[in-house]
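> Structure file final_9.cif (mmCIF, C-alpha atoms) is given on the next line.
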```cif
data_start
#
loop_
_atom_site.label_atom_id
_atom_site.label_comp_id
_atom_site.auth_asym_id
_atom_site.auth_seq_id
_atom_site.Cartn_x
_atom_site.Cartn_y
_atom_site.Cartn_z
CA MET L 292 -45.50 2.02 -17.17
CA ASN L 293 -43.40 -0.16 -19.35
CA ARG L 294 -42.05 -3.63 -18.67
CA LEU L 295 -38.52 -2.84 -19.77
CA GLU L 296 -38.17 -0.05 -17.25
CA LEU L 297 -39.37 -2.33 -14.44
CA ALA L 298 -37.07 -5.17 -15.51
CA ILE L 299 -34.10 -2.81 -15.64
CA GLY L 300 -35.00 -1.41 -12.24
CA ALA L 301 -35.08 -4.91 -10.76
CA VAL L 302 -31.69 -5.88 -12.24
CA LEU L 303 -30.05 -2.67 -11.04
CA ARG L 304 -31.58 -2.97 -7.57
CA PHE L 305 -30.38 -6.55 -7.20
CA GLY L 306 -26.85 -5.78 -8.44
CA SER L 307 -26.60 -2.70 -6.28
CA VAL L 308 -27.75 -4.39 -3.06
CA ALA L 309 -25.75 -7.59 -3.65
CA SER L 310 -22.48 -5.85 -4.49
CA THR L 311 -22.76 -3.30 -1.68
CA SER L 312 -23.47 -5.99 0.91
CA LEU L 313 -20.61 -8.22 -0.28
CA LEU L 314 -18.16 -5.31 -0.28
CA ALA L 315 -19.29 -4.18 3.18
CA ILE L 316 -19.02 -7.66 4.71
CA GLY L 317 -15.71 -8.34 2.97
CA LEU L 318 -14.25 -5.04 4.13
CA LEU L 319 -15.37 -5.52 7.75
CA MET L 320 -13.97 -9.05 7.79
CA THR L 321 -10.64 -7.81 6.38
CA LEU L 322 -10.40 -5.00 8.92
CA THR L 323 -11.16 -7.30 11.84
CA GLY L 324 -8.85 -10.00 10.47
CA TYR L 325 -11.62 -12.59 10.45
CA ARG L 326 -10.97 -15.29 7.82
CA ALA L 327 -8.85 -13.25 5.43
CA GLY L 328 -9.15 -15.70 2.54
CA LEU L 329 -12.94 -15.68 2.56
CA ALA L 330 -12.97 -11.90 2.99
CA ARG L 331 -10.88 -11.54 -0.15
CA MET L 332 -13.25 -13.75 -2.11
CA LEU L 333 -16.26 -11.73 -0.94
CA LEU L 334 -14.56 -8.45 -1.96
CA GLU L 335 -13.64 -9.87 -5.35
CA ALA L 336 -17.18 -11.21 -5.88
CA GLY L 337 -18.70 -7.89 -4.81
CA LEU L 338 -16.56 -6.00 -7.30
CA VAL L 339 -17.32 -8.41 -10.14
CA ILE L 340 -21.07 -8.16 -9.48
CA LEU L 341 -20.77 -4.38 -9.30
CA ILE L 342 -19.01 -4.18 -12.66
CA SER L 343 -21.31 -6.65 -14.41
CA THR L 344 -24.59 -5.07 -13.22
CA PRO L 345 -24.78 -2.46 -16.04
CA ALA L 346 -23.88 -5.16 -18.57
CA ALA L 347 -26.69 -7.35 -17.20
CA ARG L 348 -29.01 -4.39 -17.64
CA VAL L 349 -28.06 -4.19 -21.34
CA VAL L 350 -28.65 -7.95 -21.76
CA VAL L 351 -32.14 -7.58 -20.26
CA SER L 352 -32.80 -4.72 -22.69
CA VAL L 353 -31.81 -6.88 -25.67
CA ILE L 354 -34.21 -9.62 -24.55
CA GLU L 355 -37.03 -7.16 -24.03
CA TYR L 356 -36.52 -5.48 -27.44
CA VAL L 357 -36.51 -8.90 -29.12
CA ARG L 358 -39.82 -9.63 -27.40
CA GLU L 359 -41.18 -6.32 -28.70
CA ARG L 360 -39.73 -7.08 -32.17
CA ASP L 361 -38.07 -3.69 -32.22
CA TRP L 362 -35.16 -4.73 -34.41
CA THR L 363 -33.51 -1.30 -34.58
CA PHE L 364 -33.07 -1.30 -30.84
CA VAL L 365 -32.07 -4.96 -30.76
CA ALA L 366 -29.22 -4.00 -33.10
CA LEU L 367 -28.27 -0.90 -31.07
CA THR L 368 -28.17 -2.74 -27.75
CA LEU L 369 -26.19 -5.57 -29.34
CA VAL L 370 -23.62 -3.03 -30.52
CA VAL L 371 -23.34 -1.77 -26.92
CA LEU L 372 -22.84 -5.35 -25.74
CA ALA L 373 -20.21 -5.88 -28.42
CA ALA L 374 -18.34 -2.78 -27.24
CA LEU L 375 -18.41 -4.13 -23.66
CA ALA L 376 -17.14 -7.47 -24.96
CA GLY L 377 -14.39 -5.49 -26.66
CA SER L 378 -13.44 -4.04 -23.27
CA VAL L 379 -13.25 -7.52 -21.76
CA ALA L 380 -11.06 -8.60 -24.69
CA ALA L 381 -8.83 -5.53 -24.24
CA ALA L 382 -8.53 -6.35 -20.54
CA TYR L 383 -7.39 -9.93 -20.92
CA LEU L 384 -5.74 -10.21 -24.34
CA MET T 110 6.23 9.59 -7.61
CA ALA T 111 7.86 12.86 -8.42
CA THR T 112 6.76 14.56 -5.23
CA GLY T 113 8.66 12.70 -2.59
CA ASP T 114 8.71 9.24 -1.17
CA SER T 115 5.59 9.15 0.91
CA GLY T 116 3.21 8.51 -1.96
CA GLY T 117 5.44 5.87 -3.46
CA VAL T 118 6.01 4.14 -0.14
CA LEU T 119 2.33 4.14 0.66
CA TRP T 120 1.55 2.89 -2.79
CA GLU T 121 4.04 0.02 -2.62
CA ARG T 122 2.61 -1.02 0.72
CA LEU T 123 -0.87 -1.01 -0.77
CA VAL T 124 0.26 -3.10 -3.70
CA SER T 125 1.56 -5.71 -1.28
CA LEU T 126 -1.92 -5.83 0.26
CA ARG T 127 -3.24 -7.53 -2.81
CA THR T 128 -1.11 -10.54 -2.08
CA SER T 129 -1.64 -10.46 1.69
CA PRO T 130 -4.80 -8.68 2.78
CA ALA T 131 -4.04 -9.79 6.34
CA ALA T 132 -1.54 -6.92 6.44
CA LEU T 133 -4.53 -4.68 7.07
CA VAL T 134 -5.01 -6.15 10.53
CA PRO T 135 -3.83 -3.77 13.22
CA VAL T 136 -0.85 -5.16 15.10
CA SER T 137 -1.04 -3.08 18.21
CA GLY T 138 -4.72 -2.34 17.85
CA CYS T 139 -4.22 1.39 18.12
CA TRP T 140 -6.65 2.58 15.46
CA VAL T 141 -7.02 6.05 16.85
CA ARG T 142 -3.33 6.75 16.41
CA ALA T 143 -3.41 5.25 12.93
CA ILE T 144 -6.23 7.54 11.90
CA THR T 145 -4.52 10.57 13.40
CA ASN T 146 -1.30 9.70 11.56
CA HIS T 147 -3.22 9.50 8.35
CA THR T 148 -5.04 12.74 8.79
CA VAL T 149 -1.77 14.53 9.50
CA ALA T 150 -0.13 12.92 6.51
CA VAL T 151 -3.01 13.79 4.21
CA ILE T 152 -3.04 17.41 5.32
CA ALA T 153 0.72 17.56 4.99
CA ARG T 154 0.69 16.13 1.50
CA THR T 155 -2.11 18.34 0.33
CA PHE T 156 -0.66 21.60 1.55
CA PHE T 157 3.10 21.08 1.62
CA TRP T 158 3.84 18.75 -1.21
CA GLY T 159 5.10 21.69 -3.24
CA SER T 160 8.26 21.79 -1.14
CA GLU T 161 10.05 18.50 -1.44
CA ALA T 162 11.80 18.75 1.91
CA SER T 163 8.93 19.57 4.24
CA GLY T 164 6.08 17.79 2.45
CA GLY T 165 8.04 14.70 1.58
CA SER T 166 9.49 14.13 5.00
CA ILE T 167 6.35 14.90 6.99
CA GLY T 168 4.41 12.60 4.74
CA ALA T 169 7.04 9.88 4.93
CA VAL T 170 7.26 9.98 8.72
CA ALA T 171 3.56 9.77 9.17
CA LEU T 172 2.78 7.26 6.45
CA ASN T 173 5.70 4.93 6.74
CA PRO T 174 5.52 3.06 10.00
CA LEU T 175 3.66 -0.05 11.04
CA ASN T 176 0.84 -2.07 9.67
CA ASN T 177 -1.69 -0.53 11.95
CA LEU T 178 -2.28 2.55 9.82
CA ASP T 179 -4.22 0.64 7.22
CA PRO T 180 -7.65 0.70 8.88
CA GLY T 181 -7.03 4.42 9.02
CA LEU T 182 -6.45 4.48 5.28
CA ALA T 183 -9.69 2.57 4.73
CA LEU T 184 -11.44 5.18 6.86
CA VAL T 185 -9.82 8.07 4.97
CA ILE T 186 -10.90 6.58 1.62
CA PHE T 187 -14.38 5.94 3.03
CA GLY T 188 -14.59 9.54 4.27
CA ALA T 189 -13.45 10.86 0.90
CA GLY T 190 -16.15 8.72 -0.73
CA VAL T 191 -18.86 10.09 1.56
CA THR T 192 -17.80 13.67 0.83
CA ALA T 193 -17.51 13.11 -2.93
CA GLY T 194 -20.86 11.30 -3.05
CA ALA T 195 -22.69 14.01 -1.08
CA LEU T 196 -21.17 16.84 -3.15
CA GLY T 197 -21.91 14.90 -6.31
CA VAL T 198 -25.59 14.56 -5.50
CA ALA T 199 -25.92 18.19 -4.44
CA LEU T 200 -24.41 19.34 -7.74
CA GLY T 201 -25.89 16.67 -10.00
CA LEU T 202 -22.46 15.21 -10.80
CA GLY T 203 -20.88 11.91 -10.00
CA GLY T 204 -18.37 12.15 -7.20
CA GLY T 205 -15.45 11.18 -9.46
CA ILE T 206 -14.40 14.72 -10.27
CA PHE T 207 -13.67 15.18 -6.53
CA LEU T 208 -12.58 11.64 -5.61
CA VAL T 209 -9.85 11.29 -8.26
CA PRO T 210 -7.93 14.45 -7.28
CA PHE T 211 -8.19 13.51 -3.61
CA LEU T 212 -6.78 10.04 -4.19
CA THR T 213 -3.96 11.26 -6.43
CA LEU T 214 -3.02 14.58 -4.83
CA ALA T 215 -3.61 13.80 -1.16
CA LEU T 216 -2.93 10.07 -0.95
CA GLY T 217 -0.40 9.82 -3.77
CA PHE T 218 -2.16 7.08 -5.74
CA PRO T 219 -1.19 6.80 -9.43
CA LEU T 220 -3.87 8.36 -11.59
CA LYS T 221 -4.71 5.03 -13.20
CA SER T 222 -5.51 3.43 -9.84
CA ALA T 223 -7.47 6.47 -8.70
CA ALA T 224 -9.45 6.40 -11.95
CA ALA T 225 -10.16 2.68 -11.54
CA ILE T 226 -11.43 3.14 -7.97
CA SER T 227 -13.49 6.12 -9.03
CA LEU T 228 -15.05 4.20 -11.95
CA SER T 229 -16.30 1.53 -9.55
CA THR T 230 -17.99 4.23 -7.46
CA VAL T 231 -19.51 5.67 -10.66
CA ILE T 232 -21.05 2.27 -11.47
CA ALA T 233 -22.35 1.90 -7.92
CA THR T 234 -24.00 5.33 -7.94
CA SER T 235 -25.46 4.80 -11.40
CA SER T 236 -27.04 1.46 -10.47
CA ALA T 237 -28.38 2.67 -7.11
CA VAL T 238 -29.80 5.95 -8.42
CA SER T 239 -31.32 4.45 -11.58
CA ALA T 240 -32.89 1.57 -9.66
CA ARG T 241 -34.65 4.17 -7.50
CA ARG T 242 -35.77 6.19 -10.53
CA ALA T 243 -36.87 3.35 -12.82
CA GLY T 244 -40.58 3.54 -13.42
CA ASN T 245 -41.10 7.27 -13.12
CA GLN T 246 -40.35 7.86 -16.83
CA LEU T 247 -37.67 10.44 -16.17
CA ILE T 248 -35.10 8.12 -17.73
CA ASN T 249 -35.31 8.20 -21.51
CA LEU T 250 -34.40 4.58 -22.23
CA ARG T 251 -34.48 4.77 -26.01
CA LEU T 252 -32.27 7.83 -26.22
CA GLY T 253 -30.04 6.29 -23.57
CA MET T 254 -29.55 3.13 -25.63
CA VAL T 255 -28.70 5.15 -28.74
CA LEU T 256 -26.18 7.34 -26.94
CA GLU T 257 -24.67 4.37 -25.12
CA VAL T 258 -23.37 3.12 -28.46
CA ALA T 259 -21.22 6.26 -28.56
CA THR T 260 -20.24 6.27 -24.86
CA THR T 261 -19.17 2.61 -24.79
CA ALA T 262 -17.18 3.03 -28.00
CA GLY T 263 -15.52 6.07 -26.41
CA SER T 264 -14.82 4.30 -23.14
CA LEU T 265 -13.37 1.24 -24.89
CA LEU T 266 -10.99 3.51 -26.77
CA GLY T 267 -10.16 5.52 -23.64
CA GLY T 268 -9.56 2.40 -21.56
CA ILE T 269 -7.10 1.08 -24.13
CA THR T 270 -5.25 4.38 -24.54
CA ALA T 271 -5.03 4.82 -20.75
CA GLN T 272 -2.70 1.82 -20.67
CA PHE T 273 -0.21 3.57 -22.93
CA VAL T 274 -0.52 7.22 -21.95
CA ALA T 275 1.99 8.75 -19.52
CA GLU T 276 0.91 9.77 -16.03
CA THR T 277 1.78 13.42 -16.71
CA THR T 278 -0.43 13.47 -19.81
CA LEU T 279 -3.36 12.14 -17.79
CA GLN T 280 -2.71 14.77 -15.11
CA ARG T 281 -2.72 17.55 -17.70
CA LEU T 282 -5.90 16.16 -19.26
CA PHE T 283 -7.55 16.07 -15.83
CA GLY T 284 -6.47 19.68 -15.30
CA ILE T 285 -8.04 20.71 -18.60
CA VAL T 286 -11.30 18.87 -17.91
CA ALA T 287 -11.51 20.27 -14.36
CA THR T 288 -11.06 23.79 -15.77
CA ILE T 289 -13.80 23.28 -18.35
CA VAL T 290 -16.15 21.83 -15.72
CA ALA T 291 -15.48 24.83 -13.47
CA PHE T 292 -16.39 27.27 -16.24
CA VAL T 293 -19.48 25.29 -17.24
CA MET T 294 -20.56 25.38 -13.60
CA ILE T 295 -20.13 29.15 -13.34
CA GLY T 296 -21.88 29.65 -16.69
CA ARG T 297 -24.92 27.65 -15.61
CA ILE T 298 -25.21 29.16 -12.20
CA ASN T 299 -28.69 30.65 -12.69
CA ARG T 300 -29.96 28.17 -15.26
CA ARG T 301 -33.40 26.65 -14.74
CA ASN T 302 -35.29 23.82 -16.45
CA VAL T 303 -36.52 24.36 -19.97
CA ILE T 304 -40.28 24.13 -20.15
CA VAL T 305 -41.49 22.59 -23.37
CA ASP T 306 -44.91 22.81 -24.96
CA PRO T 307 -46.87 19.83 -23.53
CA ALA T 308 -48.82 19.35 -26.75
CA ALA T 309 -45.69 18.70 -28.81
CA ASP T 310 -45.09 15.33 -30.39
CA PRO T 311 -42.10 13.72 -28.67
CA GLY T 312 -41.03 11.86 -31.82
CA ARG T 313 -39.13 8.62 -31.83
CA LEU T 314 -36.44 9.55 -29.35
CA GLY T 315 -38.15 12.22 -27.31
CA GLY T 316 -39.98 11.66 -24.07
CA ARG T 317 -42.72 12.69 -21.73
CA PHE T 318 -42.67 12.78 -17.97
CA HIS T 319 -44.61 14.05 -15.03
CA GLU T 320 -43.16 17.24 -13.63
CA GLY T 321 -43.37 17.07 -9.85
CA GLU T 322 -43.12 20.80 -9.08
CA SER T 323 -45.68 22.16 -11.52
CA GLY T 324 -47.82 19.00 -11.60
CA GLY T 325 -47.93 19.08 -15.40
CA VAL T 326 -46.65 16.73 -18.06
CA VAL T 327 -43.48 17.81 -19.84
CA THR T 328 -42.94 16.65 -23.42
CA TYR T 329 -39.74 17.14 -25.36
CA ARG T 330 -38.21 16.28 -28.71
CA ILE T 331 -34.57 15.49 -29.28
CA ARG T 332 -32.81 17.84 -31.68
CA ARG T 333 -29.27 17.61 -33.08
CA LEU T 334 -28.76 13.91 -32.41
CA PRO T 335 -25.29 13.85 -34.05
CA LEU T 336 -24.13 16.48 -31.55
CA ALA T 337 -25.47 14.38 -28.67
CA LEU T 338 -23.64 11.35 -30.09
CA ALA T 339 -20.38 13.28 -30.39
CA ALA T 340 -20.66 14.58 -26.83
CA SER T 341 -21.38 11.06 -25.61
CA PHE T 342 -18.33 9.67 -27.39
CA ILE T 343 -16.07 12.29 -25.80
CA ALA T 344 -17.73 11.74 -22.42
CA GLY T 345 -17.09 7.99 -22.66
CA ASN T 346 -13.50 8.55 -23.65
CA VAL T 347 -12.75 10.99 -20.84
CA SER T 348 -14.63 8.77 -18.42
CA SER T 349 -12.30 5.81 -18.91
CA LEU T 350 -9.14 7.89 -18.98
CA LEU T 351 -9.87 9.93 -15.87
CA GLY T 352 -12.35 7.90 -13.85
CA ILE T 353 -15.23 10.35 -13.95
CA GLY T 354 -18.77 9.53 -15.06
CA GLY T 355 -18.88 11.94 -17.96
CA GLY T 356 -22.29 13.33 -17.09
CA ILE T 357 -20.72 16.74 -16.76
CA ILE T 358 -20.11 16.72 -20.52
CA LYS T 359 -23.36 15.08 -21.69
CA VAL T 360 -25.91 16.77 -19.46
CA PRO T 361 -25.13 20.40 -20.44
CA VAL T 362 -25.03 19.45 -24.14
CA LEU T 363 -28.32 17.51 -24.01
CA ASN T 364 -29.94 20.32 -22.04
CA ALA T 365 -28.60 23.34 -23.91
CA TRP T 366 -28.56 22.14 -27.52
CA CYS T 367 -30.63 18.98 -27.85
CA GLY T 368 -33.87 20.16 -26.28
CA MET T 369 -33.87 17.86 -23.29
CA PRO T 370 -35.16 19.09 -19.92
CA LEU T 371 -32.44 19.11 -17.28
CA ARG T 372 -33.99 16.52 -14.99
CA ALA T 373 -34.57 14.05 -17.81
CA ALA T 374 -31.05 14.65 -19.17
CA ALA T 375 -29.52 14.07 -15.74
CA ALA T 376 -31.56 10.89 -15.12
CA THR T 377 -30.76 9.47 -18.56
CA SER T 378 -27.09 10.32 -18.15
CA ALA T 379 -27.04 8.71 -14.69
CA LEU T 380 -28.28 5.47 -16.24
CA MET T 381 -25.76 5.64 -19.09
CA ILE T 382 -22.67 6.27 -16.97
CA GLY T 383 -22.99 2.80 -15.43
CA VAL T 384 -22.41 1.13 -18.80
CA THR T 385 -19.81 3.73 -19.78
CA ALA T 386 -17.84 3.20 -16.58
CA THR T 387 -18.09 -0.57 -16.94
CA GLY T 388 -16.32 -0.36 -20.29
CA GLY T 389 -13.37 1.35 -18.59
CA ALA T 390 -13.48 -0.49 -15.26
CA VAL T 391 -13.27 -3.92 -16.90
CA ILE T 392 -10.03 -2.92 -18.62
CA TYR T 393 -8.49 -1.58 -15.38
CA TYR T 394 -9.66 -4.69 -13.54
CA GLY T 395 -8.07 -7.01 -16.09
CA HIS T 396 -4.78 -5.10 -15.83
CA GLY T 397 -4.79 -5.32 -12.03
CA ASP T 398 -5.27 -1.58 -11.47
CA LEU T 399 -8.62 -1.99 -9.73
CA ARG T 400 -7.98 -3.29 -6.21
CA PRO T 401 -11.05 -4.58 -4.38
CA LEU T 402 -9.64 -3.64 -0.98
CA LEU T 403 -9.30 0.02 -1.98
CA ALA T 404 -12.44 0.16 -4.10
CA ALA T 405 -14.65 -1.25 -1.32
CA PRO T 406 -14.36 1.68 1.15
CA ALA T 407 -14.69 4.17 -1.71
CA VAL T 408 -17.83 2.49 -3.10
CA LEU T 409 -19.44 2.20 0.34
CA GLY T 410 -18.55 5.81 1.14
CA VAL T 411 -19.98 7.17 -2.09
CA GLN T 412 -23.17 5.12 -1.66
CA LEU T 413 -23.64 6.50 1.84
CA GLY T 414 -22.72 10.03 0.78
CA SER T 415 -25.09 10.14 -2.19
CA TRP T 416 -27.89 8.63 -0.13
CA GLY T 417 -27.41 11.20 2.63
CA GLY T 418 -26.68 14.02 0.19
CA SER T 419 -29.98 13.54 -1.64
CA ARG T 420 -31.74 14.35 1.64
CA PHE T 421 -29.95 17.66 2.01
CA ALA T 422 -29.70 18.54 -1.67
CA GLU T 423 -32.93 20.55 -1.67
CA THR T 424 -32.10 22.68 1.33
CA ALA T 425 -28.57 23.66 0.34
CA SER T 426 -27.90 26.89 -1.52
CA VAL T 427 -26.89 25.40 -4.85
CA LYS T 428 -25.67 28.74 -6.17
CA TRP T 429 -22.99 29.17 -3.52
CA LEU T 430 -22.21 25.46 -3.63
CA LYS T 431 -21.56 25.77 -7.36
CA LEU T 432 -19.29 28.77 -6.86
CA LEU T 433 -17.37 26.98 -4.13
CA MET T 434 -16.98 23.88 -6.28
CA ALA T 435 -15.89 25.90 -9.30
CA ALA T 436 -13.17 27.48 -7.13
CA LEU T 437 -12.16 24.07 -5.78
CA LEU T 438 -11.95 22.63 -9.28
CA MET T 439 -9.74 25.50 -10.41
CA ILE T 440 -7.38 24.72 -7.54
CA VAL T 441 -7.44 21.03 -8.50
CA ALA T 442 -6.66 21.97 -12.09
CA VAL T 443 -3.69 24.13 -11.02
CA LEU T 444 -2.36 21.37 -8.74
CA MET T 445 -2.64 18.83 -11.56
CA PHE T 446 -0.80 21.13 -13.99
CA VAL T 447 1.94 21.93 -11.48
CA ARG T 448 2.39 18.27 -10.66
CA SER T 449 2.51 17.21 -14.31
CA ALA T 450 5.25 19.79 -14.93
CA ARG T 451 7.55 18.39 -12.23
#
```
In structure tokens, how does this file's structure come out?

Amino acid sequence: MNRLELAIGAVLRFGSVASTSLLAIGLLMTLTGYRAGLARMLLEAGLVILISTPAARVVVSVIEYVRERDWTFVALTLVVLAALAGSVAAAYL
Amino acid sequence: MATGDSGGVLWERLVSLRTSPAALVPVSGCWVRAITNHTVAVIARTFFWGSEASGGSIGAVALNPLNNLDPGLALVIFGAGVTAGALGVALGLGGGIFLVPFLTLALGFPLKSAAAISLSTVIATSSAVSARRAGNQLINLRLGMVLEVATTAGSLLGGITAQFVAETTLQRLFGIVATIVAFVMIGRINRRNVIVDPAADPGRLGGRFHEGESGGVVTYRIRRLPLALAASFIAGNVSSLLGIGGGIIKVPVLNAWCGMPLRAAAATSALMIGVTATGGAVIYYGHGDLRPLLAAPAVLGVQLGSWGGSRFAETASVKWLKLLMAALLMIVAVLMFVRSAR
């Protein structure tokens, strides 16, 4: 079994669990009216973690391909990252 | 909104929630009534919206009053997420193709907001499902990385165009895609996995995985890579514009023309749609169309639905499920076309 697959699995598992828990706690707090400001921050953080999890997975892939000296795939994954960076630019510029 | 005030009123109230989430707190504490109001309003909007007078006024009466209907809305969105997630797993799709029409047609959300919410559920499903699958070699990482170049380029382009395209155009596009998906579903109703010669050389982009049912090792080669890239680009584009994962476009192409076994194609696509959806979701988020308060119940619902659905997926009669869904999608397509023409 290869290292990259395990690393990706770990990143996705962490992002998935962290974002789901933050969203669940934030939503419950909002619905019960308990500390609305904090609830909003938790929801926002949950959403940001959710959205950045796949990007983090691509970053891990780049690192692992560099380690394997597989330059074709380093280039390909960097292009994917560049496209995601393009989305961030399109969102805020 | 062209179809009466209720959607617009509801939507404006929701927009105000971003500035004051405390508005969600029930004033009188009567959640049961709030939920009932919502259910009535949703049914009314879904079935009567065609006639301005009846649909509009029923919806407006039920949706308008008081702050205490908002927990009900959260519950309705959560319930829609559970249903979409469960159906999605049973059919091997993301739930987006069902969630987006529900949010726009029944709750009156603008398509952009519905797409943004749906994209966040796509990311959640992709991460959760792929985390579970990582390590069993079903996901073809190398092919996934290659095709992701095309899907992210497509989703970047789609996310940018979505900001300039009119609501009616998006509705028509959704109608067209829903129609195509319905026909693909009917066409593949009896389709089974392709079995490939286990001695074959998988090549640079092919793969090899352990087939659970037969106990053997399946090996496959990837053919027609340019076609797979083109399909991925279109899938990424449509994904951002309409808030669906895009697996419905990639998986049949990879399976039918590129030599990939269905299970491997679905697993690889499930991994890819996370990155694809991120490309679109970031743009919606930056433009303020992705509201955490609305995305949260949808994401949690879809997570629960897909987790529960995967337990029942094997026992359900997929053939009849596919027929039912194809019929449902045709109805969705007609509703989208009718609405875009108004």
> Would you mind listing, as a ChimeraX atom specification, all residues of chain T that have at least one atom within 8 Å of chain L, where only C-alpha atoms are what counts?
/T:130-131,133-135,180,229,232-233,236-237,239-246,250-251,254-255,257-258,261-262,265,268-269,383-384,387-396,401-402,405-406,408-409
> Separation of CA of Tyr356 (chain L) and CA of Gly355 (chain T), in Å?
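If I compute the distance from CA of Tyr356 (chain L) to CA of Gly355 (chain T), I get 26.5 Å.
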> Rank nothing, just name the residue among T:Met294, T:Ile285, T:Ile206, T:Leu252 nearest to Lys428 (chain T), using only C-alpha atoms.
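Among the listed residues, the smallest separation from Lys428 (chain T) belongs to T:Met294.
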> Smallest atom-to-atom distance to Thr385 (chain T): which of T:Leu220, T:Leu438, T:Val447, T:Ala259, using all atoms listed in the file?
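Nearest candidate to Thr385 (chain T) out of T:Leu220, T:Leu438, T:Val447, T:Ala259: T:Ala259.
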> Measure the distance from CA of Gly190 (chain T) to CA of Asn346 (chain T) in Å and round it to one decimal.
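Computing it gives 23.1 Å between the two atoms.
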> Measure the distance from CA of Pro311 (chain T) to CA of Tyr329 (chain T) in Å and round it to one decimal.
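About the pair CA of Pro311 (chain T) and CA of Tyr329 (chain T): they are 5.3 Å apart.
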